[in-house]
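Chemist: Just dropping this structure here.
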Amino acid sequence: MNRSEVIQSLLPVLTDELVVCNIGLPSQELHMMVDQPSNFYMLGTMGLASSIGLGLALVQEARVVAIDGDGSVLTNLGTLPTIANNVADNFTLFIVDNGSYGSTGDQPTYAGRKTSLAKVAQACGCERVVECAAGQAAEALQDALDSNRMTIIVCKCDPGNIPVPVIEKHPVTIRDRFIQAVRRANG
Amino acid sequence: MPVSRKLVQDMVDAGIGFVTSVPCKQLKGVLEEIDASDRIRHVPANKEDEGMGLCAGAYLGGTRPCLIMQNTALGVTVNALATLVQYYHMPLPMLISYRGEVGEPVACQVEMAVHTKAILAQLNIQTYHFHRAEDAREFPGILRHTFMSSKPTAILTDATFWGEAQ
């Protein structure tokens, strides 16, 4: 299974959650599969999906899932100690770890070689870290949401991309409808 | 009232409830006041652009943010400012220690000081320079302006300001 198949498999689990999605193809794939106000698409800043997700989770009560990638987590590796030390039990960081920079042509990342992001997360102090195979992605996410504890999921999958259209929505439109979705989620 | 306490009180009065920071010794007093406040959640960041991501998330969640940093790190924030904060039209007051100005003991700090205002100008970020202790009176208005305009603003606080504030 590649990243787009993993994201597709998560959709039945993602019901009421606020989703912050990583730059490039992951956001484009999510946008193509199910575009809705509760999705915040990163259009231009690599590495900050997990930081945005944590900041969002810390200030309100609705559940937040950040869909990130191994390359982006490596870009912003300082995010893992910040997450570990600022626990938000309504936050799940789902790292699609395909061992490659998918959006730029599948160049290999260090996460696909010697570096274990799950072990890095544990060493940073994250208390609930789950590494799973692509086929267990949905189950792992459901377990994380059911646990009501902050969870880092590292989902190992194959590299490879599918053709997807770019997101043409205006960033302020994405922002405004997401803020409305946050308000609705908090009643 | 000590200026650090005044600045943090101004933040609270402006509705700021979420602060991220990468520290500077000039801002030590401000950070202590923030940690003493039960009105502001302080999430220290490991890097300034990470802090901008945290602030963006807090803003999306309905809480007004503020970033505290040193001007020497401005370079690492350019992409996050342009493609996150500015692209999505998010408000972000940045309280910045302006190292490398008159009174600076460390020569290397000057190397980024000479680029600080040029980078901010290149990014079209409205910039306010606190040089005299009384300049802090402008802070509440700057915060109101930041959230009114939904843009990032920079408040540069130099060594003379902090010296007079003692």
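Quick note on naming: the chains in the structure tokens go A, B, ... in the order shown, residues restart at 1 in each chain, and ligands are numbered from 1 in order of appearance.
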Tell me as a ChimeraX atom specification which residues belonging to chain B come within 10 Å of chain A, counting only C-alpha atoms.

Modeler: /B:17-18,20,41-47,49-65,79-90

Chemist: For the structure I just gave you, how does DSSP split region 2-166 of chain B - specifically, which residues are helix (DSSP H, G or I)? Reply as a PyMOL selection string.

Modeler: chain B and resi 3-13+25-36+48-60+71-86+107-122+133-149+159-165

Chemist: Go ahead and write the selection's residues with C-alpha atoms as a compact mmCIF listing (two decimals), in the first residue's frame.

Modeler:
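Once everything was written out, this is out_26.txt:
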# COMPACT_ATOMS: atom_id res chain seq x y z
CA VAL B 3 7.86 46.90 31.82
CA SER B 4 7.86 43.09 31.49
CA ARG B 5 4.72 42.89 33.63
CA LYS B 6 3.11 45.72 31.68
CA LEU B 7 3.79 44.03 28.32
CA VAL B 8 2.30 40.75 29.53
CA GLN B 9 -0.70 42.56 31.04
CA ASP B 10 -1.19 44.26 27.66
CA MET B 11 -1.17 40.82 26.02
CA VAL B 12 -3.83 39.55 28.40
CA ASP B 13 -5.90 42.71 27.87
CA LYS B 25 18.11 36.98 27.78
CA GLN B 26 16.58 40.40 27.05
CA LEU B 27 13.15 38.76 27.18
CA LYS B 28 13.80 36.75 30.35
CA GLY B 29 11.54 38.97 32.46
CA VAL B 30 8.69 38.77 29.93
CA LEU B 31 8.89 34.99 29.83
CA GLU B 32 8.83 34.84 33.64
CA GLU B 33 5.72 37.02 33.72
CA ILE B 34 4.07 34.80 31.11
CA ASP B 35 4.82 31.70 33.12
CA ALA B 36 3.39 33.42 36.20
CA GLU B 48 10.85 29.93 15.59
CA ASP B 49 9.09 28.58 12.51
CA GLU B 50 7.78 25.69 14.60
CA GLY B 51 6.43 28.36 16.94
CA MET B 52 4.62 29.98 14.02
CA GLY B 53 2.94 26.65 13.29
CA LEU B 54 1.83 26.38 16.92
CA CYS B 55 0.51 29.95 16.83
CA ALA B 56 -1.35 29.26 13.57
CA GLY B 57 -3.03 26.25 15.20
CA ALA B 58 -4.02 28.28 18.25
CA TYR B 59 -5.47 30.98 16.02
CA LEU B 60 -7.49 28.43 14.03
CA ASN B 71 15.84 38.85 15.75
CA THR B 72 18.80 36.60 14.93
CA ALA B 73 16.31 33.85 14.00
CA LEU B 74 14.29 35.97 11.61
CA GLY B 75 15.90 34.26 8.64
CA VAL B 76 14.56 30.83 9.53
CA THR B 77 11.00 32.17 9.73
CA VAL B 78 10.75 33.73 6.26
CA ASN B 79 9.03 30.76 4.62
CA ALA B 80 6.56 30.24 7.46
CA LEU B 81 5.75 33.96 7.47
CA ALA B 82 5.18 34.11 3.72
CA THR B 83 3.45 30.80 3.06
CA LEU B 84 1.57 30.25 6.32
CA VAL B 85 0.95 33.42 8.34
CA GLN B 86 0.64 35.81 5.39
CA ALA B 107 29.85 41.29 17.99
CA CYS B 108 28.29 38.45 16.03
CA GLN B 109 24.80 39.57 17.04
CA VAL B 110 25.33 42.65 14.88
CA GLU B 111 25.49 40.48 11.77
CA MET B 112 21.75 39.76 11.86
CA ALA B 113 20.86 43.15 13.31
CA VAL B 114 21.95 44.78 10.05
CA HIS B 115 19.51 42.56 8.14
CA THR B 116 16.59 42.63 10.56
CA LYS B 117 14.62 45.64 9.32
CA ALA B 118 15.49 44.86 5.69
CA ILE B 119 14.02 41.35 5.96
CA LEU B 120 10.88 42.66 7.66
CA ALA B 121 10.55 45.40 5.03
CA GLN B 122 11.03 42.89 2.22
CA ALA B 133 11.11 52.99 27.84
CA GLU B 134 8.04 55.11 27.04
CA ASP B 135 7.72 53.39 23.64
CA ALA B 136 6.05 50.48 25.47
CA ARG B 137 2.93 52.66 25.67
CA GLU B 138 2.33 51.83 22.01
CA PHE B 139 2.06 48.09 22.66
CA PRO B 140 -1.72 47.85 23.29
CA GLY B 141 -2.43 49.78 20.08
CA ILE B 142 -0.03 47.59 18.09
CA LEU B 143 -1.75 44.46 19.37
CA ARG B 144 -5.20 45.83 18.47
CA HIS B 145 -3.87 46.76 15.03
CA THR B 146 -2.42 43.28 14.50
CA PHE B 147 -5.69 41.49 15.20
CA MET B 148 -7.72 44.10 13.31
CA SER B 149 -5.58 43.65 10.20
CA ALA B 159 19.13 47.04 24.47
CA THR B 160 18.51 50.73 25.20
CA PHE B 161 14.83 49.99 25.75
CA TRP B 162 15.56 47.14 28.14
CA GLY B 163 18.29 49.22 29.83
CA GLU B 164 15.88 52.09 30.49
CA ALA B 165 13.22 49.63 31.57

Chemist: Would you list the contacts of region 144-148 of chain A as a list in words, taking every protein, DNA or RNA residue within 8 Å and counting only C-alpha atoms, but skipping same-chain residues closer than 6 positions in sequence?

Modeler: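 Returned residues: Asp89, Asn90 and Thr92 of chain A.
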
Chemist: Next, write the just-selected residues to a file, as a PDB file, in the first residue's frame, keeping N, CA and C atoms as the atom set.

Modeler:
ATOM      1  N   ASP A  89      -4.558  15.362  24.936  1.00  0.00           N
ATOM      2  CA  ASP A  89      -5.122  14.031  24.725  1.00  0.00           C
ATOM      3  C   ASP A  89      -6.162  13.987  23.605  1.00  0.00           C
ATOM      4  N   ASN A  90      -6.495  15.142  23.042  1.00  0.00           N
ATOM      5  CA  ASN A  90      -7.362  15.160  21.858  1.00  0.00           C
ATOM      6  C   ASN A  90      -6.560  15.242  20.566  1.00  0.00           C
ATOM      7  N   THR A  92      -3.918  13.431  17.771  1.00  0.00           N
ATOM      8  CA  THR A  92      -3.241  12.273  17.177  1.00  0.00           C
ATOM      9  C   THR A  92      -2.356  12.760  16.041  1.00  0.00           C
TER      10      THR A  92
END

Chemist: Could you tell me how far CA of Cys21 (chain A) lies from CA of Ala121 (chain A), in Å and to one decimal?

Modeler: 19.3 Å

Chemist: At what distance in Å, to one decimal, does CA of Tyr41 (chain A) lie from CA of Ser27 (chain A)?

Modeler: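 Between these atoms lies a distance of 5.5 Å.
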
Chemist: Expressed in Å to a single decimal, how great is the separation between CA of Gly100 (chain B) and CA of Thr127 (chain B)?

Modeler: 16.8 Å
